[in-house]
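Take a look at the structure below.
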2 protein chains.
Amino acid sequence: MPFEVTILGNNSAIPAHGRHPTSQIVQIHEQQFLVDCGEGTQMQLAKYKIRKSKFDHIFISHLHGDHYFGLIGLITSYHLMRREKPLHVYGPKGLLDIINLQLAVSNTTLFYQLIFHEVISEVVSVLLETDEFIISSFPVKHRIPTHGFLFKEKIGLRKINPDKIAELNFPFQVIAELKKGNDSEWEGKILKSNEWTLPPVAPRSYAFCADTIYHNELIKYISGCDVVYHEATFMEESAERAVLTFHSTAKQAATIGKAIGVKKLLLGHFSAKYENLQPLLAEAKEIFRETELAIEGQTFSIER
Amino acid sequence: MPFEVTILGNNSAIPAHGRHPTSQIVQIHEQQFLVDCGEGTQMQLAKYKIRKSKFDHIFISHLHGDHYFGLIGLITSYHLMRREKPLHVYGPKGLLDIINLQLAVSNTTLFYQLIFHEVISEVVSVLLETDEFIISSFPVKHRIPTHGFLFKEKIGLRKINPDKIAELNFPFQVIAELKKGNDSEWEGKILKSNEWTLPPVAPRSYAFCADTIYHNELIKYISGCDVVYHEATFMEESAERAVLTFHSTAKQAATIGKAIGVKKLLLGHFSAKYENLQPLLAEAKEIFRETELAIEGQTFSIER
């Protein structure tokens, strides 16, 4: 089952060097989600030949423009394309007013239902839960209310022990119980789940940490995460500026990644002052080797 | 003195085929103006290596998103770039509320002064007048209040008759009066302006007709114009759809251009349904030969 993230924009506030404001796609199993939607996101989707109609859920981390100015364009394009299925938007209070005001001035009544879910940045909230995964928000620390998003597979069913497959001549319902971890009875015999099945595959998780000052506390929200995206607006030489603007340095991002022990750390939200991003990567790698730059157009897999 | 228009976006509502929503730059003499500001305009400026800090006046024709969704990004980028000089924005009522709401949710107080000029679409209004030119708005006919913009040079001073230059030994003030068209006296002799000077060069003008249904009446607002940009969202085969959506066909645009007798007609605002634009051009040229497609990145000169 695929679980991956595709980068559409990796730059901080002012678009520069051909880099775009924040947006990424998280594919988890059969579904694709849009995380943040900076100006030009719909053009970026077109550039990478990704059909915009795929998305039913859009998650916005905070109301700085480089994270949501592209949303109204996408909402309007869906309308012009005669979208019929509902669109769920998850974001901070205030976002719906902005959308509604812009629809009102153009006399637009959307063809489809836009369902807005207000996210309270200060707490951990489950935003969407299916049989297969949970998407939740968690607080980060920025100049205005801001939250990250955690995409987490649920623990699946136990797997049939391959050594036992030849003997497995019980009805489907009995097998289903064993896979759920429940001991079961069949023809007067007690079947122990842990004899017939092996533990389920470990669930995977991905965290998008949005814009944040270096903030140790966020580790508790995303501990055990496989892949983490953390902003790295600046290099350590601009650590003071990072504090002033409530952003992080590459070194700080790596420190978070190392503390969690992630399999892969993705750096993004680069300041326009850096045309060459390699020094940011090098700075982070000194702290934590498993770091990569979130390059636009690239897809990163969340491996088991 | 340069007078030219550079196309940044030529597509209608949904960006498609690498084409962007409406925006163009009008340079008149030393000043550059931005006309409409669809999503991604600041990226288009970067693509064509045009410094965004050049603009002090931005003109918005109406509040359909493909004409203004890029404005807030530009306003915010100016702020982040520590712009100090004021920015004048001319647009319909409602635009300022949208800007202010988006600044408020991000706790932003602009470093510079944003001066909003409300344009009343239903009447002709002078928006900006200098010694050299006048910029005014004029009504067009669309689904919501919409206006075009007319950029017009003022009539300059008369020119010294080159045949008389050898005899021209009067003080500067006397010459200045003659150039203004006033007869003057020097050493008891009456100097006739029309003997010493020739008529001034003809002033040039450019009209941006915004989004409009075919609307004969607009001819009166832009008669005598040298270059006219007119939307051509559809081809004549979709004339009914053009009426329904308050847009024009290529043939209709050409009919307007021909009626005015412009030197050059520019077609733009193409529907996403047309990947190849040549048939639109051919349709227009059948009516009016001096037609060109407003191709992104191209600059069109308003010749004398």
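Chain labels A, B, ... are given in the sequence in which chains occur in the structure tokens; within each chain residues are numbered consecutively from 1, and ligands are likewise numbered from 1 in the order shown.
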For chain B, which residues have at least one atom within 10 Å of chain A, if we go by only C-alpha atoms? Write them as a VMD selection string, please.
-> chain B and resid 13 to 20 38 to 43 46 to 47 62 to 66 69 to 74 76 to 81 92 to 95 97 to 99 101 to 108 143 to 145
Among region 112-191 of chain B, which residues carry a DSSP assignment of strand (DSSP E or B), reported as a VMD selection string?
-> chain B and resid 114 to 118 125 to 129 133 to 139 147 to 153 159 to 160 184 to 186 189 to 191
Saved selection, atoms kept: C-alpha atoms, as an mmCIF file, in the first residue's frame:
```
data_model
loop_
_atom_site.group_PDB
_atom_site.id
_atom_site.type_symbol
_atom_site.label_atom_id
_atom_site.label_comp_id
_atom_site.auth_asym_id
_atom_site.auth_seq_id
_atom_site.Cartn_x
_atom_site.Cartn_y
_atom_site.Cartn_z
ATOM 1 C CA LEU B 114 -1.565 50.847 0.653
ATOM 2 C CA ILE B 115 -3.817 53.460 -0.889
ATOM 3 C CA PHE B 116 -7.007 52.016 -2.269
ATOM 4 C CA HIS B 117 -8.957 53.843 -4.958
ATOM 5 C CA GLU B 118 -12.444 52.502 -5.433
ATOM 6 C CA SER B 125 -13.482 57.929 -14.313
ATOM 7 C CA VAL B 126 -10.064 59.496 -14.468
ATOM 8 C CA LEU B 127 -7.914 57.400 -12.136
ATOM 9 C CA LEU B 128 -4.481 58.941 -12.574
ATOM 10 C CA GLU B 129 -3.318 62.039 -14.402
ATOM 11 C CA PHE B 133 -0.723 60.920 -19.658
ATOM 12 C CA ILE B 134 -4.151 60.102 -18.288
ATOM 13 C CA ILE B 135 -5.324 56.702 -17.102
ATOM 14 C CA SER B 136 -9.070 56.260 -16.909
ATOM 15 C CA SER B 137 -11.607 53.490 -16.495
ATOM 16 C CA PHE B 138 -14.638 52.834 -18.657
ATOM 17 C CA PRO B 139 -17.622 50.463 -18.306
ATOM 18 C CA HIS B 147 -14.393 48.156 -16.178
ATOM 19 C CA GLY B 148 -11.646 48.486 -18.731
ATOM 20 C CA PHE B 149 -8.703 50.863 -18.555
ATOM 21 C CA LEU B 150 -7.635 53.490 -21.078
ATOM 22 C CA PHE B 151 -4.024 54.715 -21.125
ATOM 23 C CA LYS B 152 -3.733 57.918 -23.118
ATOM 24 C CA GLU B 153 -0.849 60.263 -23.754
ATOM 25 C CA LYS B 159 7.684 71.220 -32.185
ATOM 26 C CA ILE B 160 10.059 73.865 -33.500
ATOM 27 C CA SER B 184 4.635 85.937 -28.614
ATOM 28 C CA GLU B 185 6.382 89.302 -28.863
ATOM 29 C CA TRP B 186 10.127 89.822 -29.071
ATOM 30 C CA LYS B 189 7.983 91.935 -33.435
ATOM 31 C CA ILE B 190 4.978 89.563 -33.219
ATOM 32 C CA LEU B 191 6.060 85.927 -33.563
#
```
Between A:Leu265, A:Ala272, A:Leu45, A:Val89, which one has atoms that come closest to Ile75 (chain A), using only C-alpha atoms?
-> A:Val89
Do you know which residues are at most 10 Å from Leu198 (chain B) counting only C-alpha atoms, after dropping those on the same chain fewer than 3 positions away, and could you put them as a ChimeraX atom specification?
-> /B:157-162,178-179,181,193-195,201
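Residues in contact range of Ile213 (chain B), defined as at most 10 Å between only C-alpha atoms, with sequence neighbours fewer than 3 positions away removed, read Val140, Lys141, His142, Arg143, Ala210, Asn216, Glu231, Ala232, Thr233, Ala242, Val243, Leu244, Thr245, Phe246, His247, Ser248, Thr249, Gln252 and Ala253 of chain B.
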Taking N, CA and C atoms for each residue, export the selection above as a PDB file, in the first residue's frame.
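Okay, this is what ended up in out38.pdb:
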```
ATOM      1  N   VAL B 140     -17.516  48.167 -19.065  1.00  0.00           N
ATOM      2  CA  VAL B 140     -17.772  47.090 -20.013  1.00  0.00           C
ATOM      3  C   VAL B 140     -18.943  46.293 -19.431  1.00  0.00           C
ATOM      4  N   LYS B 141     -19.312  45.224 -20.092  1.00  0.00           N
ATOM      5  CA  LYS B 141     -20.535  44.523 -19.682  1.00  0.00           C
ATOM      6  C   LYS B 141     -20.212  43.066 -19.360  1.00  0.00           C
ATOM      7  N   HIS B 142     -20.237  42.752 -18.078  1.00  0.00           N
ATOM      8  CA  HIS B 142     -19.875  41.400 -17.656  1.00  0.00           C
ATOM      9  C   HIS B 142     -20.855  40.949 -16.575  1.00  0.00           C
ATOM     10  N   ARG B 143     -20.624  39.750 -16.017  1.00  0.00           N
ATOM     11  CA  ARG B 143     -21.578  39.218 -15.021  1.00  0.00           C
ATOM     12  C   ARG B 143     -21.599  40.025 -13.729  1.00  0.00           C
ATOM     13  N   ALA B 210     -10.810  44.394 -20.653  1.00  0.00           N
ATOM     14  CA  ALA B 210     -11.229  43.479 -19.564  1.00  0.00           C
ATOM     15  C   ALA B 210     -12.140  42.366 -20.090  1.00  0.00           C
ATOM     16  N   ASN B 216     -21.159  46.762 -28.283  1.00  0.00           N
ATOM     17  CA  ASN B 216     -20.871  47.833 -29.221  1.00  0.00           C
ATOM     18  C   ASN B 216     -20.619  49.178 -28.553  1.00  0.00           C
ATOM     19  N   GLU B 231     -10.851  40.834 -25.015  1.00  0.00           N
ATOM     20  CA  GLU B 231     -10.915  39.406 -24.728  1.00  0.00           C
ATOM     21  C   GLU B 231     -11.524  38.639 -25.893  1.00  0.00           C
ATOM     22  N   ALA B 232     -11.097  37.393 -26.057  1.00  0.00           N
ATOM     23  CA  ALA B 232     -11.648  36.491 -27.072  1.00  0.00           C
ATOM     24  C   ALA B 232     -11.664  35.116 -26.424  1.00  0.00           C
ATOM     25  N   THR B 233     -12.545  34.970 -25.444  1.00  0.00           N
ATOM     26  CA  THR B 233     -12.578  33.727 -24.666  1.00  0.00           C
ATOM     27  C   THR B 233     -12.910  32.530 -25.558  1.00  0.00           C
ATOM     28  N   ALA B 242     -20.666  32.142 -25.146  1.00  0.00           N
ATOM     29  CA  ALA B 242     -20.093  33.464 -24.875  1.00  0.00           C
ATOM     30  C   ALA B 242     -21.159  34.393 -24.285  1.00  0.00           C
ATOM     31  N   VAL B 243     -22.347  34.344 -24.858  1.00  0.00           N
ATOM     32  CA  VAL B 243     -23.432  35.202 -24.349  1.00  0.00           C
ATOM     33  C   VAL B 243     -23.789  34.797 -22.914  1.00  0.00           C
ATOM     34  N   LEU B 244     -23.927  33.493 -22.709  1.00  0.00           N
ATOM     35  CA  LEU B 244     -24.309  32.991 -21.376  1.00  0.00           C
ATOM     36  C   LEU B 244     -23.314  33.388 -20.292  1.00  0.00           C
ATOM     37  N   THR B 245     -22.031  33.400 -20.652  1.00  0.00           N
ATOM     38  CA  THR B 245     -20.995  33.668 -19.658  1.00  0.00           C
ATOM     39  C   THR B 245     -20.502  35.115 -19.723  1.00  0.00           C
ATOM     40  N   PHE B 246     -21.163  35.929 -20.555  1.00  0.00           N
ATOM     41  CA  PHE B 246     -20.777  37.338 -20.699  1.00  0.00           C
ATOM     42  C   PHE B 246     -19.333  37.494 -21.175  1.00  0.00           C
ATOM     43  N   HIS B 247     -18.978  36.670 -22.136  1.00  0.00           N
ATOM     44  CA  HIS B 247     -17.664  36.794 -22.759  1.00  0.00           C
ATOM     45  C   HIS B 247     -17.839  37.044 -24.265  1.00  0.00           C
ATOM     46  N   SER B 248     -16.723  37.186 -24.971  1.00  0.00           N
ATOM     47  CA  SER B 248     -16.757  37.481 -26.405  1.00  0.00           C
ATOM     48  C   SER B 248     -16.101  36.378 -27.211  1.00  0.00           C
ATOM     49  N   THR B 249     -16.392  36.374 -28.502  1.00  0.00           N
ATOM     50  CA  THR B 249     -15.693  35.477 -29.417  1.00  0.00           C
ATOM     51  C   THR B 249     -14.597  36.268 -30.141  1.00  0.00           C
ATOM     52  N   GLN B 252     -16.069  38.552 -32.627  1.00  0.00           N
ATOM     53  CA  GLN B 252     -16.656  39.753 -32.021  1.00  0.00           C
ATOM     54  C   GLN B 252     -15.572  40.759 -31.622  1.00  0.00           C
ATOM     55  N   ALA B 253     -14.481  40.253 -31.067  1.00  0.00           N
ATOM     56  CA  ALA B 253     -13.369  41.133 -30.704  1.00  0.00           C
ATOM     57  C   ALA B 253     -12.859  41.859 -31.952  1.00  0.00           C
TER      58      ALA B 253
END
```
Closest to Gln44 (chain B) among B:Gly297, B:Tyr68, B:Lys180, B:Glu236, using only C-alpha atoms?
-> B:Gly297
Tell me which of B:Tyr206, B:Leu277, B:Ile120, B:Leu266 sits closest to Gln27 (chain B), counting only C-alpha atoms.
->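 Nearest candidate to Gln27 (chain B) out of B:Tyr206, B:Leu277, B:Ile120, B:Leu266: B:Tyr206.
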Which distance in Å separates CA of Ser205 (chain A) and CA of His29 (chain A), to one decimal?
-> 12.1 Å
Spatial neighbours of Gly224 (chain A), max dist 8 Å, only C-alpha atoms, sep filter under 5 positions, as a ChimeraX atom specification | /A:260-262
The selected residues should be written to file as an mmCIF file, in the first residue's frame (atoms: N, CA and C atoms).
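Wrote result11.cif, looks like this:
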```
data_model
loop_
_atom_site.group_PDB
_atom_site.id
_atom_site.type_symbol
_atom_site.label_atom_id
_atom_site.label_comp_id
_atom_site.auth_asym_id
_atom_site.auth_seq_id
_atom_site.Cartn_x
_atom_site.Cartn_y
_atom_site.Cartn_z
ATOM 1 N N ILE A 260 13.881 12.213 17.489
ATOM 2 C CA ILE A 260 12.793 11.256 17.227
ATOM 3 C C ILE A 260 13.354 9.956 16.648
ATOM 4 N N GLY A 261 14.501 10.067 16.002
ATOM 5 C CA GLY A 261 15.084 8.892 15.361
ATOM 6 C C GLY A 261 14.307 8.474 14.128
ATOM 7 N N VAL A 262 13.954 9.457 13.321
ATOM 8 C CA VAL A 262 13.152 9.158 12.131
ATOM 9 C C VAL A 262 13.985 8.406 11.096
#
```
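CA of Val26 (chain B) is found 22.6 Å from CA of Lys258 (chain B).
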Would you list, as a PyMOL selection string, the residues of region 58-183 of chain A that end up in helix (DSSP H, G or I) under DSSP run on this structure's backbone?
-> chain A and resi 65-67+71-80+95-105+162-167+172-179
